[in-house]
Amino acid sequence: MLLVLIGTALTACKKDSEYYDYKNDVKEFNGTVLQYLQAQPANTFDSLLLVLNRLPDLKDTLTNNNITFFAPTNASFQAVVKNLNILRKSQGKTPLYLKDCNPLALHILTTSYIIRGARTIDAYAPFVDGALYTSVFYNYPMHIQYDKLNASGFVQGGPQSIIFSDPKNSIFEKYWQRTTTNAVNIKAKNGVINILAPLHDYGFNEFVELVNQ
């Protein structure tokens, strides 16, 4: 999806995450979506905030617009930067880090995580197969599907989760890139925050190709 845009402008909570024991009720945060990210402990959203500091219009969106934000943690960025620099080393290129990446590429990649309108997980539950929702700026459709995990021997007896997918402009799900949430329904003044699982790669497998110029 993102390669097209730039030309024109798994499941289950992981014990290695600090959000493993998060209870999936609506939690109120007395501040904006951006302020929530800034208020979290060190090494949670540092990479995301570094990217946002390079993209002032997205910082404004997370402060003033009515949105749902799927927030990637540090682990999601670390993996793709590592893969990028393994490739660049093999090509005889110098390392590249988030502070160096093309801001347009980062803008396109990051907007896919910001969905227009604030919705808690209950909004997705009626749609068994999920539905498409529009991201900010480029109006790119992302697929969101309600998922209730199994627990204690009961099918769908566990915590609620979301499957968040980039459809890659395809109706065939085998081409989609998916990730899941570790925490949902964090309600800020201007939106709802869902935190993605740490195994997610920022950019839905397009970061390396997009920034390796």
# chains A, B, ... in the order shown; residues from 1 in each chain; ligands from 1
call {"tool": "residues_around", "arguments": {"residues": "Phe137 (chain A)", "least_positions_apart": "2", "cutoff": "9 Å", "atoms": "only C-alpha atoms", "output": "PyMOL selection string"}}
result
chain A and resi 108+111+135+139-140
call {"tool": "write_last_selection", "arguments": {"atoms": "C-alpha atoms", "output": "tab-separated table (two decimals), in the first residue's frame"}}
result
chain	number	residue	atom	x	y	z
A	108	ILE	CA	3.21	7.49	5.01
A	111	THR	CA	-0.49	7.38	9.09
A	135	SER	CA	-6.64	6.20	7.98
A	139	ASN	CA	-7.47	7.85	3.29
A	140	TYR	CA	-5.92	4.41	3.05
call {"tool": "closest_atom_pairs", "arguments": {"of": "region 67-121 of chain A", "to": "region 176-182 of chain A", "cutoff": "12 Å", "atoms": "only C-alpha atoms", "output": "CSV"}}
result
residue,atom,partner,partner_atom,distance
A:Phe69,CA,A:Thr181,CA,11.4
A:Phe70,CA,A:Thr181,CA,8.1
A:Ala71,CA,A:Thr181,CA,9.0
A:Pro72,CA,A:Thr181,CA,9.4
A:Thr73,CA,A:Asn182,CA,10.4
A:Ser76,CA,A:Thr179,CA,10.8
A:Tyr113,CA,A:Thr179,CA,11.4
A:Ile121,CA,A:Thr181,CA,11.0
call {"tool": "select_by_dssp", "arguments": {"residues": "region 83-213 of chain A", "states": "strand (DSSP E or B)", "output": "mmCIF file with C-alpha atoms, in the first residue's frame"}}
result
data_model
loop_
_atom_site.group_PDB
_atom_site.id
_atom_site.type_symbol
_atom_site.label_atom_id
_atom_site.label_comp_id
_atom_site.auth_asym_id
_atom_site.auth_seq_id
_atom_site.Cartn_x
_atom_site.Cartn_y
_atom_site.Cartn_z
ATOM 1 C CA ILE A 114 -4.083 6.464 12.815
ATOM 2 C CA ILE A 115 -7.725 5.743 11.991
ATOM 3 C CA ARG A 116 -10.349 8.450 11.566
ATOM 4 C CA ALA A 131 -14.426 -4.133 8.285
ATOM 5 C CA LEU A 132 -12.344 -1.482 6.537
ATOM 6 C CA TYR A 133 -11.662 1.833 8.258
ATOM 7 C CA THR A 134 -9.976 4.880 6.762
ATOM 8 C CA SER A 135 -6.636 6.204 7.983
ATOM 9 C CA PRO A 141 -8.251 1.570 4.170
ATOM 10 C CA MET A 142 -7.036 -0.597 7.043
ATOM 11 C CA HIS A 143 -8.884 -3.722 8.157
ATOM 12 C CA ILE A 144 -9.975 -4.082 11.780
ATOM 13 C CA GLN A 145 -11.448 -7.283 13.212
ATOM 14 C CA TYR A 146 -12.708 -8.045 16.707
ATOM 15 C CA ASP A 147 -11.149 -11.100 18.327
ATOM 16 C CA LYS A 148 -11.815 -12.708 21.685
ATOM 17 C CA ALA A 151 -8.752 -18.988 27.998
ATOM 18 C CA PHE A 154 -13.359 -21.943 27.070
ATOM 19 C CA GLN A 160 -10.735 -9.079 23.946
ATOM 20 C CA SER A 161 -8.264 -8.260 21.205
ATOM 21 C CA ILE A 162 -8.115 -6.702 17.739
ATOM 22 C CA ILE A 163 -6.605 -8.071 14.545
ATOM 23 C CA PHE A 164 -5.251 -5.026 12.696
ATOM 24 C CA SER A 165 -4.349 -5.595 9.049
ATOM 25 C CA ASP A 166 -2.919 -3.812 6.036
ATOM 26 C CA GLN A 177 -0.094 -8.173 6.641
ATOM 27 C CA ARG A 178 -1.608 -8.626 10.102
ATOM 28 C CA THR A 179 -0.832 -7.832 13.687
ATOM 29 C CA THR A 180 -2.690 -8.086 16.988
ATOM 30 C CA THR A 181 -3.121 -5.928 20.065
ATOM 31 C CA ASN A 182 -1.746 -6.443 23.553
ATOM 32 C CA ALA A 183 -4.007 -3.803 25.102
ATOM 33 C CA VAL A 184 -7.201 -2.115 23.939
ATOM 34 C CA ASN A 185 -9.708 0.571 24.918
ATOM 35 C CA ILE A 186 -7.381 3.143 26.449
ATOM 36 C CA LYS A 187 -9.566 6.224 26.187
ATOM 37 C CA ALA A 188 -7.920 9.648 25.911
ATOM 38 C CA GLY A 191 -9.435 9.259 20.915
ATOM 39 C CA VAL A 192 -8.907 5.617 21.740
ATOM 40 C CA ILE A 193 -5.505 3.924 21.950
ATOM 41 C CA ASN A 194 -4.849 0.251 21.237
ATOM 42 C CA ILE A 195 -1.315 -1.028 21.852
ATOM 43 C CA LEU A 196 0.126 -3.445 19.310
#
call {"tool": "residues_around", "arguments": {"residues": "Gln78 (chain A)", "least_positions_apart": "4", "cutoff": "9 Å", "atoms": "only C-alpha atoms", "output": "PDB file with N, CA and C atoms, in the first residue's frame"}}
result
ATOM      1  N   SER A  47      10.756   5.282  20.454  1.00  0.00           N
ATOM      2  CA  SER A  47      10.977   5.297  18.999  1.00  0.00           C
ATOM      3  C   SER A  47       9.813   5.958  18.279  1.00  0.00           C
ATOM      4  N   ASN A  74       8.419   0.175  21.152  1.00  0.00           N
ATOM      5  CA  ASN A  74       9.824   0.214  20.731  1.00  0.00           C
ATOM      6  C   ASN A  74      10.248  -1.031  19.965  1.00  0.00           C
ATOM      7  N   LYS A  82      16.959  -2.873  12.565  1.00  0.00           N
ATOM      8  CA  LYS A  82      18.001  -3.909  12.511  1.00  0.00           C
ATOM      9  C   LYS A  82      18.035  -4.561  11.133  1.00  0.00           C
ATOM     10  N   ASN A  83      16.862  -4.934  10.619  1.00  0.00           N
ATOM     11  CA  ASN A  83      16.802  -5.565   9.292  1.00  0.00           C
ATOM     12  C   ASN A  83      17.280  -4.621   8.194  1.00  0.00           C
ATOM     13  N   ASP A 201       6.073  -5.696  13.132  1.00  0.00           N
ATOM     14  CA  ASP A 201       7.110  -4.903  12.471  1.00  0.00           C
ATOM     15  C   ASP A 201       6.508  -3.589  11.978  1.00  0.00           C
ATOM     16  N   TYR A 202       7.003  -2.479  12.493  1.00  0.00           N
ATOM     17  CA  TYR A 202       6.538  -1.162  12.060  1.00  0.00           C
ATOM     18  C   TYR A 202       6.615  -1.046  10.537  1.00  0.00           C
TER      19      TYR A 202
END
call {"tool": "residues_around", "arguments": {"residues": "Val211 (chain A)", "least_positions_apart": "3", "cutoff": "7 Å", "atoms": "only C-alpha atoms", "output": "list in words"}}
result
Cys101, Asn102, Ala105, Phe207 and Val208 of chain A
call {"tool": "write_last_selection", "arguments": {"atoms": "N, CA and C atoms", "output": "CSV table (one decimal), in the first residue's frame"}}
result
chain,number,residue,atom,x,y,z
A,101,CYS,N,15.9,8.8,8.5
A,101,CYS,CA,15.0,8.4,7.4
A,101,CYS,C,14.2,9.5,6.8
A,102,ASN,N,13.9,9.3,5.5
A,102,ASN,CA,13.1,10.3,4.8
A,102,ASN,C,11.8,10.5,5.5
A,105,ALA,N,8.6,9.2,3.9
A,105,ALA,CA,8.4,7.7,4.1
A,105,ALA,C,7.9,7.4,5.5
A,207,PHE,N,8.8,-1.0,5.6
A,207,PHE,CA,9.8,0.0,6.1
A,207,PHE,C,11.1,-0.1,5.3
A,208,VAL,N,11.7,-1.3,5.2
A,208,VAL,CA,13.0,-1.4,4.7
A,208,VAL,C,13.1,-1.0,3.2
call {"tool": "atom_distance", "arguments": {"atom1": "CA of Asn85 (chain A)", "atom2": "CA of Ala42 (chain A)"}}
result
24.1 Å
call {"tool": "select_by_dssp", "arguments": {"residues": "region 142-213 of chain A", "states": "alpha helix (DSSP H)", "output": "mmCIF file with C-alpha atoms, in the first residue's frame"}}
result
data_model
loop_
_atom_site.group_PDB
_atom_site.id
_atom_site.type_symbol
_atom_site.label_atom_id
_atom_site.label_comp_id
_atom_site.auth_asym_id
_atom_site.auth_seq_id
_atom_site.Cartn_x
_atom_site.Cartn_y
_atom_site.Cartn_z
ATOM 1 C CA PHE A 207 9.779 -0.014 6.064
ATOM 2 C CA VAL A 208 13.029 -1.431 4.660
ATOM 3 C CA GLU A 209 12.126 -1.029 1.000
ATOM 4 C CA LEU A 210 10.651 2.415 1.505
ATOM 5 C CA VAL A 211 13.513 4.009 3.433
#
call {"tool": "closest_residue", "arguments": {"among": "A:Gly117, A:Tyr97, A:Lys168, A:His107", "to": "Ala79 (chain A)", "atoms": "only C-alpha atoms"}}
result
A:Tyr97
